[in-house]
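Participant: Structure below; questions to follow.
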Protein chains: 2
Amino acid sequence: MTEVELKSASELTRERLITAAREVFSQHGFQGATVREICRRAEANVAAVNYHFGGKDGLLAEVLNFAPLKALQAANAATSACPKERLQLFIHDFIHMLLDEQHASLQCQIMARELADPTPALDQIVRDAVGPLHEFLGNLLREIGGKGLSDAQLRRSVYSILGQCLFYRNSHPVLLRLNPKLRYDHREINAIAAHIAEFSLAGIAHLAQAD
Amino acid sequence: MTEVELKSASELTRERLITAAREVFSQHGFQGATVREICRRAEANVAAVNYHFGGKDGLLAEVLNFAPLKALQAANAATSACPKERLQLFIHDFIHMLLDEQHASLQCQIMARELADPTPALDQIVRDAVGPLHEFLGNLLREIGGKGLSDAQLRRSVYSILGQCLFYRNSHPVLLRLNPKLRYDHREINAIAAHIAEFSLAGIAHLAQAD
DNA sequence: TTTACTTTCAAACAAGCGTTTGATACGCTT
DNA sequence: AAGCGTATCAAACGCTTGTTTGAAAGTAAA
């Protein structure tokens, strides 16, 4: 991987397949994606997927990569910022991961697509990525809301934040039709992140002080 | 329709097909649903769908029904409650429509499923149902937030509310894995609706007063 | 160059899909 | 009872899917 020069032809095909699979999976979902289109984009033979990855399922497993999501959480926990600022930062990074097509990690966009209807990999995704993410956000909100938040309020506040973020990805086809000029450039993404953070912090503050 | 007694055998199969289609479409989505399974559940022949509806697309068009969503908005506009109470009512009714499996209108759950990845009917859905819904919510939030909300803030607040509501539907498979005891009974649904309303009203109030 | 192993390829496979067909059975008027 | 239009049915059609196959091409050590 790190040695750029010494890639065999076999390794190159593998990488072309993975790159193509990321694109196609993130665009059409696992079910909607076809092995033939992936191989067409990778300029590889149809049999290549089965030879290198054992099948479509194996290719999905290879493509899924939770490292960027873990890194986001690790970086967030490492800052010396206050909890509210860390929530702003989290939302900013998370929204970028979901919406920025320039972003290196299409993996998370694939993941987000698969949350709605179960695929063979959903159990693994929930166990290794989504579950820890919920827990991380829960701990962060606990720091912000303190003892004023019940467990149920905390859990639902996590859902409120994730729901807002995922909306922009899941409803993208709809939003494009409602507002054809919409583009997810950096300016727009930052504005979205700022809105969700402000909106949510106010919601949490209200819940925490109401009781 | 209204005359219960006078249904021909043909009409009965039509209705069985529609009922079965609602179930299968809402569970597996349009692409994931198969004509054969629909016919199996309806105890009808595979050819029945094409005979009665001209094909799978025609069956989807027949199944889609925006009346419940329109009725929700009409009833909401007809109340004499204040805007904030109307928002609470809207969220309550909308969440019930999305989550309550007892609810007569699986149509809206089908709709919610199709928002993520375009189907032949998405343009119609956006034009006749989702677009007006966004506009309705926008007008309601304008009454609540007044001139303190910019147009962009208003639009994004609409997204925040819809995102929170849709999350519980779209992420249901995930939430079930994270919390196997989760059941969308009336008590739980009411609690969810109350949370989203409280959370969102605080967010909107904050945005409206901040400027 | 020869040998052994890995990788690619066109072609075919079995299964599932939505749809079509032509015969059969039904319900109704005459 | 005869005739006619409608509805149902098993079967097949054409197509796409993921996967398999066996031969050809490539690669690298002996």
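Chain identifiers are assigned as A, B, and so on, following the order in which chains appear in the structure tokens; residues are numbered from 1 within each chain, and ligands are numbered from 1 in order of appearance.
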Which residues of chain B have any atom within 10 Å of an atom in chain C when counting only C-alpha atoms (C1' of nucleotides), and what is the closest pair of atoms for each, with the distance in Å to one decimal? Order the rows by chain and rising number and write it as a tab-separated table.
Facilitator:
residue	atom	partner	partner_atom	distance
B:Ser8	CA	C:DG27	C1'	9.8
B:Ala9	CA	C:DG27	C1'	9.9
B:Thr34	CA	C:DC17	C1'	7.8
B:Val35	CA	C:DG18	C1'	7.5
B:Arg36	CA	C:DC17	C1'	9.2
B:Val46	CA	C:DT19	C1'	9.5
B:Ala47	CA	C:DT19	C1'	8.0
B:Val49	CA	C:DT19	C1'	9.8
B:Asn50	CA	C:DT19	C1'	7.5
B:Gly54	CA	C:DT19	C1'	9.7
B:Gly55	CA	C:DG18	C1'	7.8
B:Lys56	CA	C:DG18	C1'	7.6
Participant: Select residues of chain B: the criterion is any atom within 8 Å of an atom of chain D, counting only C-alpha atoms (C1' of nucleotides); output as a list in words.
Facilitator: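 Every residue of chain B that passes the 8 Å test is in Ser10, Asn45 and Ala48 of chain B.
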Participant: Create the file for the chosen residues now, containing C-alpha atoms and written as an mmCIF file, in the first residue's frame.
Facilitator:
data_model
loop_
_atom_site.group_PDB
_atom_site.id
_atom_site.type_symbol
_atom_site.label_atom_id
_atom_site.label_comp_id
_atom_site.auth_asym_id
_atom_site.auth_seq_id
_atom_site.Cartn_x
_atom_site.Cartn_y
_atom_site.Cartn_z
ATOM 1 C CA SER B 10 -62.718 -9.000 -9.753
ATOM 2 C CA ASN B 45 -52.010 -15.282 -9.969
ATOM 3 C CA ALA B 48 -53.135 -10.478 -12.017
#
Participant: For the atom pair CA of Phe167 in chain B and CA of Asp100 in chain A, what is the interatomic distance in Å to one decimal place?
Facilitator: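 The value is 20.6 Å.
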Participant: Which residues of chain B come within 9 Å of chain A, and for each one, what is the closest pair of atoms and their distance in Å to one decimal, counting only C-alpha atoms, sorted by chain and residue number, as CSV?
Facilitator:
residue,atom,partner,partner_atom,distance
B:Gln27,CA,A:Asp117,CA,8.8
B:His28,CA,A:Asp117,CA,7.5
B:Gly29,CA,A:Asp117,CA,8.6
B:Gln31,CA,A:Gly32,CA,8.2
B:Gly32,CA,A:Gln31,CA,8.2
B:Arg113,CA,A:Ala116,CA,8.3
B:Leu115,CA,A:Ser171,CA,5.9
B:Ala116,CA,A:Asn170,CA,4.9
B:Asp117,CA,A:Pro173,CA,7.0
B:Pro118,CA,A:Pro173,CA,6.8
B:Leu122,CA,A:Val174,CA,8.0
B:Asp123,CA,A:Arg177,CA,7.7
B:Val126,CA,A:Val174,CA,6.6
B:Arg127,CA,A:Leu178,CA,8.5
B:Val130,CA,A:Val174,CA,8.1
B:Gly131,CA,A:Leu178,CA,6.7
B:Gln153,CA,A:His195,CA,7.5
B:Arg156,CA,A:His195,CA,7.3
B:Ser157,CA,A:Phe199,CA,8.0
B:Tyr159,CA,A:Gln164,CA,7.1
B:Ser160,CA,A:Gln164,CA,5.1
B:Ile161,CA,A:Gln164,CA,7.6
B:Leu162,CA,A:Phe167,CA,7.8
B:Gly163,CA,A:Gln164,CA,4.7
B:Gln164,CA,A:Gly163,CA,4.7
B:Cys165,CA,A:Gly163,CA,7.7
B:Leu166,CA,A:Gly163,CA,7.3
B:Phe167,CA,A:Gly163,CA,4.8
B:Tyr168,CA,A:Gly163,CA,8.0
B:Arg169,CA,A:Ala116,CA,8.2
B:Asn170,CA,A:Ala116,CA,4.9
B:Ser171,CA,A:Ala116,CA,5.4
B:His172,CA,A:Ala116,CA,7.2
B:Pro173,CA,A:Ala116,CA,6.6
B:Val174,CA,A:Leu115,CA,6.3
B:Arg177,CA,A:Val126,CA,7.3
B:Leu178,CA,A:Gly131,CA,6.6
B:Ile192,CA,A:Arg156,CA,7.6
B:His195,CA,A:Arg156,CA,7.3
B:Ile196,CA,A:Ser160,CA,7.4
B:Glu198,CA,A:Gly203,CA,7.3
B:Phe199,CA,A:Gly203,CA,4.3
B:Ser200,CA,A:Gly203,CA,6.3
B:Leu201,CA,A:Gly203,CA,7.6
B:Ala202,CA,A:Gly203,CA,5.0
B:Gly203,CA,A:Phe199,CA,4.3
B:Ile204,CA,A:Phe199,CA,6.9
B:Ala205,CA,A:Ala202,CA,8.4
B:His206,CA,A:Ala202,CA,6.2
B:Leu207,CA,A:Phe199,CA,7.1
Participant: What separation in Å, quoted to one decimal, exists between CA of Arg22 in chain A and CA of Leu106 in chain A?
Facilitator: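 One can read the CA of Arg22 in chain A to CA of Leu106 in chain A distance as 6.3 Å.
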Participant: To one decimal place in Å, what is the distance between CA of Gly138 in chain B and CA of Leu149 in chain A?
Facilitator: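 Atom-to-atom, CA of Gly138 in chain B and CA of Leu149 in chain A are spaced 29.4 Å apart.
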